[in-house]
Amino acid sequence: APVQAQQLVARNNEVRVPLSELTDSSLHFYATDVNGSVIRFLVIHKPNGDYATALDACQICGPVGYRQEGLNVVCRNCGATIYIPSIGDSGGCNPIPLKSRGEAGEVIVDLSALAGAAHRIHS
């Protein structure tokens with residue numbers, strides 16, 4: 001079963017995740033309502049210090065999502081192992097990248113970016 005996602009409420013057409021919730025190298029799952037549809041996404045603090053945001057879905061396997069097994073991120077549909085530093089990049093079974101920005105100790109995602117990324121899910 002998918003990991004429970006923390007529900008976020010949008011304000012001013014964006015959702016915010018405090019960096020203090022992302023201090024480890026684990027996947028953190030979030031969900032928010034965008035135009036009547038709940039969209040799941042993930043955030044991870046990568047080994048190089050950057051934060052990556054992506055949908056909990058890919059273009060190949062669709063919205064089945066991911067799980068973390070130790071230091072590996074694994075597609076819940078096909079079992080593909082995802083190289084953590086590549087999260088946020090397109091291609092293969094990588095999660096669909098999601099544009100975000102860091103500001104004032106938070107990762108900020110615009111609802112328009114979530115809606116645009118969700119249109120890339122083919123399943």
# chains A, B, ... in the order shown; residues from 1 in each chain; ligands from 1
>>> residues_around(residues="Ala52 in chain A", least_positions_apart="5", cutoff="6 Å", atoms="only C-alpha atoms", output="mmCIF file with C-alpha atoms, in the first residue's frame")
data_model
loop_
_atom_site.group_PDB
_atom_site.id
_atom_site.type_symbol
_atom_site.label_atom_id
_atom_site.label_comp_id
_atom_site.auth_asym_id
_atom_site.auth_seq_id
_atom_site.Cartn_x
_atom_site.Cartn_y
_atom_site.Cartn_z
ATOM 1 C CA VAL A 43 10.040 15.721 -1.676
ATOM 2 C CA ILE A 44 13.483 14.376 -0.834
ATOM 3 C CA GLY A 88 13.780 15.559 -10.203
#
>>> closest_residue(among="A:Asn77, A:Gln59, A:Asn72, A:Thr53", to="Asn94 in chain A", atoms="only C-alpha atoms")
A:Gln59
>>> closest_residue(among="A:Thr32, A:Ser25, A:Ser37, A:Gln7", to="Gly70 in chain A", atoms="only C-alpha atoms")
A:Ser25
>>> residues_around(residues="Gly116 in chain A", least_positions_apart="2", cutoff="12 Å", atoms="only C-alpha atoms", output="list in words")
Val34, Asn35, Ile39, Ala54, Leu55, Ile96, Pro97, Leu98, Lys99, Val109, Asp110, Leu111, Ser112, Ala113, Leu114, Ala118, His119, Arg120 and Ile121 of chain A
>>> atom_distance(atom1="CA of Leu8 in chain A", atom2="CA of Ala31 in chain A")
6.0 Å
>>> select_by_dssp(residues="chain A", states="strand (DSSP E)", output="PyMOL selection string")
chain A and resi 6-7+14-18+28-34+37-45+51-55+66-69+72-75+81-82+101-103+106-110
>>> residues_around(residues="Leu19 in chain A", least_positions_apart="2", cutoff="8 Å", atoms="only C-alpha atoms", output="list of chain:residue names")
A:Val17, A:Glu21, A:Leu22, A:Thr23, A:Gly105, A:Glu106, A:Val107
>>> closest_residue(among="A:His28, A:Arg11, A:His45, A:Arg40", to="Ile108 in chain A", atoms="only C-alpha atoms")
A:Arg11
>>> select_by_dssp(residues="range 2-123 of chain A", states="alpha helix (DSSP H)", output="PyMOL selection string")
chain A and resi 111-118
>>> residues_around(residues="Gln68 in chain A", least_positions_apart="3", cutoff="8 Å", atoms="only C-alpha atoms", output="MDAnalysis selection string")
chainID A and resid 26:27 71:74
>>> write_last_selection(atoms="C-alpha atoms", output="PDB file, in the first residue's frame")
ATOM      1  CA  SER A  26      13.924   9.862   3.054  1.00  0.00           C
ATOM      2  CA  LEU A  27      10.991  10.315   0.729  1.00  0.00           C
ATOM      3  CA  LEU A  71      18.817   3.935   0.490  1.00  0.00           C
ATOM      4  CA  ASN A  72      16.807   2.880  -2.565  1.00  0.00           C
ATOM      5  CA  VAL A  73      13.643   4.361  -4.035  1.00  0.00           C
ATOM      6  CA  VAL A  74      11.592   1.689  -5.798  1.00  0.00           C
TER       7      VAL A  74
END
>>> closest_residue(among="A:Ile82, A:Ala117, A:Ala104, A:Leu42", to="Val3 in chain A", atoms="only C-alpha atoms")
A:Leu42
>>> residues_around(residues="Pro47 in chain A", least_positions_apart="6", cutoff="10 Å", atoms="only C-alpha atoms", output="PyMOL selection string")
chain A and resi 24-25+84-85
>>> closest_residue(among="A:Ser100, A:Thr81, A:Gln6, A:Asn13", to="Tyr51 in chain A", atoms="only C-alpha atoms")
A:Ser100
>>> atom_distance(atom1="CA of Pro95 in chain A", atom2="CA of Asn48 in chain A")
18.4 Å
>>> closest_residue(among="A:Cys93, A:Asp33, A:Tyr83, A:Lys46", to="Gly62 in chain A", atoms="only C-alpha atoms")
A:Cys93
>>> atom_distance(atom1="CA of Val64 in chain A", atom2="CA of Val9 in chain A")
22.8 Å
>>> decode(residues="range 55-71 of chain A", atoms="all heavy atoms", output="mmCIF file, in the first residue's frame")
data_model
loop_
_atom_site.group_PDB
_atom_site.id
_atom_site.type_symbol
_atom_site.label_atom_id
_atom_site.label_comp_id
_atom_site.auth_asym_id
_atom_site.auth_seq_id
_atom_site.Cartn_x
_atom_site.Cartn_y
_atom_site.Cartn_z
ATOM 1 N N LEU A 55 6.137 14.284 -8.763
ATOM 2 C CA LEU A 55 4.871 13.602 -8.516
ATOM 3 C C LEU A 55 5.165 12.207 -7.989
ATOM 4 O O LEU A 55 6.220 11.630 -8.265
ATOM 5 C CB LEU A 55 4.052 13.493 -9.804
ATOM 6 C CG LEU A 55 3.533 14.783 -10.416
ATOM 7 C CD1 LEU A 55 2.629 14.458 -11.601
ATOM 8 C CD2 LEU A 55 2.781 15.630 -9.399
ATOM 9 N N ASP A 56 4.229 11.637 -7.271
ATOM 10 C CA ASP A 56 4.333 10.244 -6.834
ATOM 11 C C ASP A 56 3.790 9.380 -7.966
ATOM 12 O O ASP A 56 2.854 8.601 -7.805
ATOM 13 C CB ASP A 56 3.554 10.038 -5.534
ATOM 14 C CG ASP A 56 3.819 8.681 -4.900
ATOM 15 O OD1 ASP A 56 4.876 8.084 -5.190
ATOM 16 O OD2 ASP A 56 2.967 8.222 -4.112
ATOM 17 N N ALA A 57 4.361 9.574 -9.156
ATOM 18 C CA ALA A 57 3.907 8.924 -10.385
ATOM 19 C C ALA A 57 4.992 9.079 -11.438
ATOM 20 O O ALA A 57 5.835 9.968 -11.343
ATOM 21 C CB ALA A 57 2.620 9.572 -10.883
ATOM 22 N N CYS A 58 4.934 8.212 -12.468
ATOM 23 C CA CYS A 58 5.846 8.363 -13.596
ATOM 24 C C CYS A 58 5.076 8.190 -14.896
ATOM 25 O O CYS A 58 3.930 7.743 -14.897
ATOM 26 C CB CYS A 58 7.016 7.383 -13.513
ATOM 27 S SG CYS A 58 6.668 5.702 -14.044
ATOM 28 N N GLN A 59 5.698 8.555 -16.006
ATOM 29 C CA GLN A 59 5.039 8.466 -17.301
ATOM 30 C C GLN A 59 4.897 7.025 -17.764
ATOM 31 O O GLN A 59 4.019 6.727 -18.555
ATOM 32 C CB GLN A 59 5.806 9.280 -18.344
ATOM 33 C CG GLN A 59 5.620 10.760 -18.138
ATOM 34 C CD GLN A 59 6.247 11.564 -19.252
ATOM 35 O OE1 GLN A 59 7.448 11.757 -19.270
ATOM 36 N NE2 GLN A 59 5.423 12.019 -20.171
ATOM 37 N N ILE A 60 5.732 6.127 -17.293
ATOM 38 C CA ILE A 60 5.675 4.736 -17.731
ATOM 39 C C ILE A 60 4.620 3.955 -16.939
ATOM 40 O O ILE A 60 3.755 3.310 -17.521
ATOM 41 C CB ILE A 60 7.063 4.063 -17.592
ATOM 42 C CG1 ILE A 60 8.072 4.745 -18.520
ATOM 43 C CG2 ILE A 60 6.970 2.563 -17.894
ATOM 44 C CD1 ILE A 60 9.502 4.319 -18.288
ATOM 45 N N CYS A 61 4.704 3.989 -15.623
ATOM 46 C CA CYS A 61 3.833 3.164 -14.762
ATOM 47 C C CYS A 61 2.625 3.906 -14.229
ATOM 48 O O CYS A 61 1.754 3.301 -13.606
ATOM 49 C CB CYS A 61 4.635 2.583 -13.607
ATOM 50 S SG CYS A 61 5.944 1.446 -14.145
ATOM 51 N N GLY A 62 2.561 5.209 -14.431
ATOM 52 C CA GLY A 62 1.410 5.986 -13.979
ATOM 53 C C GLY A 62 1.462 6.318 -12.496
ATOM 54 O O GLY A 62 2.529 6.372 -11.890
ATOM 55 N N PRO A 63 0.292 6.512 -11.892
ATOM 56 C CA PRO A 63 0.213 7.005 -10.512
ATOM 57 C C PRO A 63 0.318 5.929 -9.439
ATOM 58 O O PRO A 63 -0.209 6.082 -8.353
ATOM 59 C CB PRO A 63 -1.156 7.686 -10.486
ATOM 60 C CG PRO A 63 -1.973 6.869 -11.432
ATOM 61 C CD PRO A 63 -1.014 6.492 -12.538
ATOM 62 N N VAL A 64 1.031 4.837 -9.723
ATOM 63 C CA VAL A 64 1.180 3.763 -8.740
ATOM 64 C C VAL A 64 2.088 4.204 -7.600
ATOM 65 O O VAL A 64 1.881 3.850 -6.453
ATOM 66 C CB VAL A 64 1.700 2.477 -9.415
ATOM 67 C CG1 VAL A 64 1.906 1.368 -8.408
ATOM 68 C CG2 VAL A 64 0.729 2.031 -10.498
ATOM 69 N N GLY A 65 3.097 4.991 -7.895
ATOM 70 C CA GLY A 65 3.938 5.601 -6.868
ATOM 71 C C GLY A 65 5.193 4.829 -6.527
ATOM 72 O O GLY A 65 5.576 3.875 -7.197
ATOM 73 N N TYR A 66 5.822 5.262 -5.450
ATOM 74 C CA TYR A 66 7.139 4.791 -5.039
ATOM 75 C C TYR A 66 7.145 4.437 -3.562
ATOM 76 O O TYR A 66 6.295 4.861 -2.795
ATOM 77 C CB TYR A 66 8.194 5.878 -5.315
ATOM 78 C CG TYR A 66 8.247 6.235 -6.766
ATOM 79 C CD1 TYR A 66 7.403 7.196 -7.297
ATOM 80 C CD2 TYR A 66 9.090 5.559 -7.636
ATOM 81 C CE1 TYR A 66 7.405 7.489 -8.643
ATOM 82 C CE2 TYR A 66 9.104 5.848 -8.989
ATOM 83 C CZ TYR A 66 8.256 6.808 -9.483
ATOM 84 O OH TYR A 66 8.251 7.085 -10.828
ATOM 85 N N ARG A 67 8.146 3.666 -3.200
ATOM 86 C CA ARG A 67 8.413 3.366 -1.800
ATOM 87 C C ARG A 67 9.912 3.465 -1.598
ATOM 88 O O ARG A 67 10.679 3.448 -2.566
ATOM 89 C CB ARG A 67 7.902 1.979 -1.421
ATOM 90 C CG ARG A 67 8.657 0.833 -2.065
ATOM 91 C CD ARG A 67 8.093 -0.527 -1.640
ATOM 92 N NE ARG A 67 8.877 -1.615 -2.185
ATOM 93 C CZ ARG A 67 8.727 -2.138 -3.393
ATOM 94 N NH1 ARG A 67 7.797 -1.665 -4.214
ATOM 95 N NH2 ARG A 67 9.488 -3.133 -3.802
ATOM 96 N N GLN A 68 10.318 3.566 -0.359
ATOM 97 C CA GLN A 68 11.743 3.617 -0.073
ATOM 98 C C GLN A 68 12.121 2.357 0.688
ATOM 99 O O GLN A 68 11.446 1.958 1.631
ATOM 100 C CB GLN A 68 12.098 4.866 0.737
ATOM 101 C CG GLN A 68 13.591 5.051 0.872
ATOM 102 C CD GLN A 68 13.990 6.447 1.255
ATOM 103 O OE1 GLN A 68 13.149 7.305 1.510
ATOM 104 N NE2 GLN A 68 15.276 6.693 1.306
ATOM 105 N N GLU A 69 13.198 1.736 0.242
ATOM 106 C CA GLU A 69 13.768 0.570 0.904
ATOM 107 C C GLU A 69 15.215 0.911 1.218
ATOM 108 O O GLU A 69 16.064 0.879 0.329
ATOM 109 C CB GLU A 69 13.695 -0.664 0.010
ATOM 110 C CG GLU A 69 12.289 -1.140 -0.268
ATOM 111 C CD GLU A 69 12.243 -2.338 -1.203
ATOM 112 O OE1 GLU A 69 13.311 -2.816 -1.663
ATOM 113 O OE2 GLU A 69 11.122 -2.798 -1.488
ATOM 114 N N GLY A 70 15.462 1.290 2.443
ATOM 115 C CA GLY A 70 16.816 1.707 2.822
ATOM 116 C C GLY A 70 17.223 2.924 2.024
ATOM 117 O O GLY A 70 16.536 3.943 2.030
ATOM 118 N N LEU A 71 18.325 2.817 1.287
ATOM 119 C CA LEU A 71 18.817 3.935 0.490
ATOM 120 C C LEU A 71 18.267 3.921 -0.934
ATOM 121 O O LEU A 71 18.672 4.729 -1.760
ATOM 122 C CB LEU A 71 20.349 3.926 0.458
ATOM 123 C CG LEU A 71 21.036 4.110 1.809
ATOM 124 C CD1 LEU A 71 22.539 3.995 1.666
ATOM 125 C CD2 LEU A 71 20.652 5.439 2.432
#
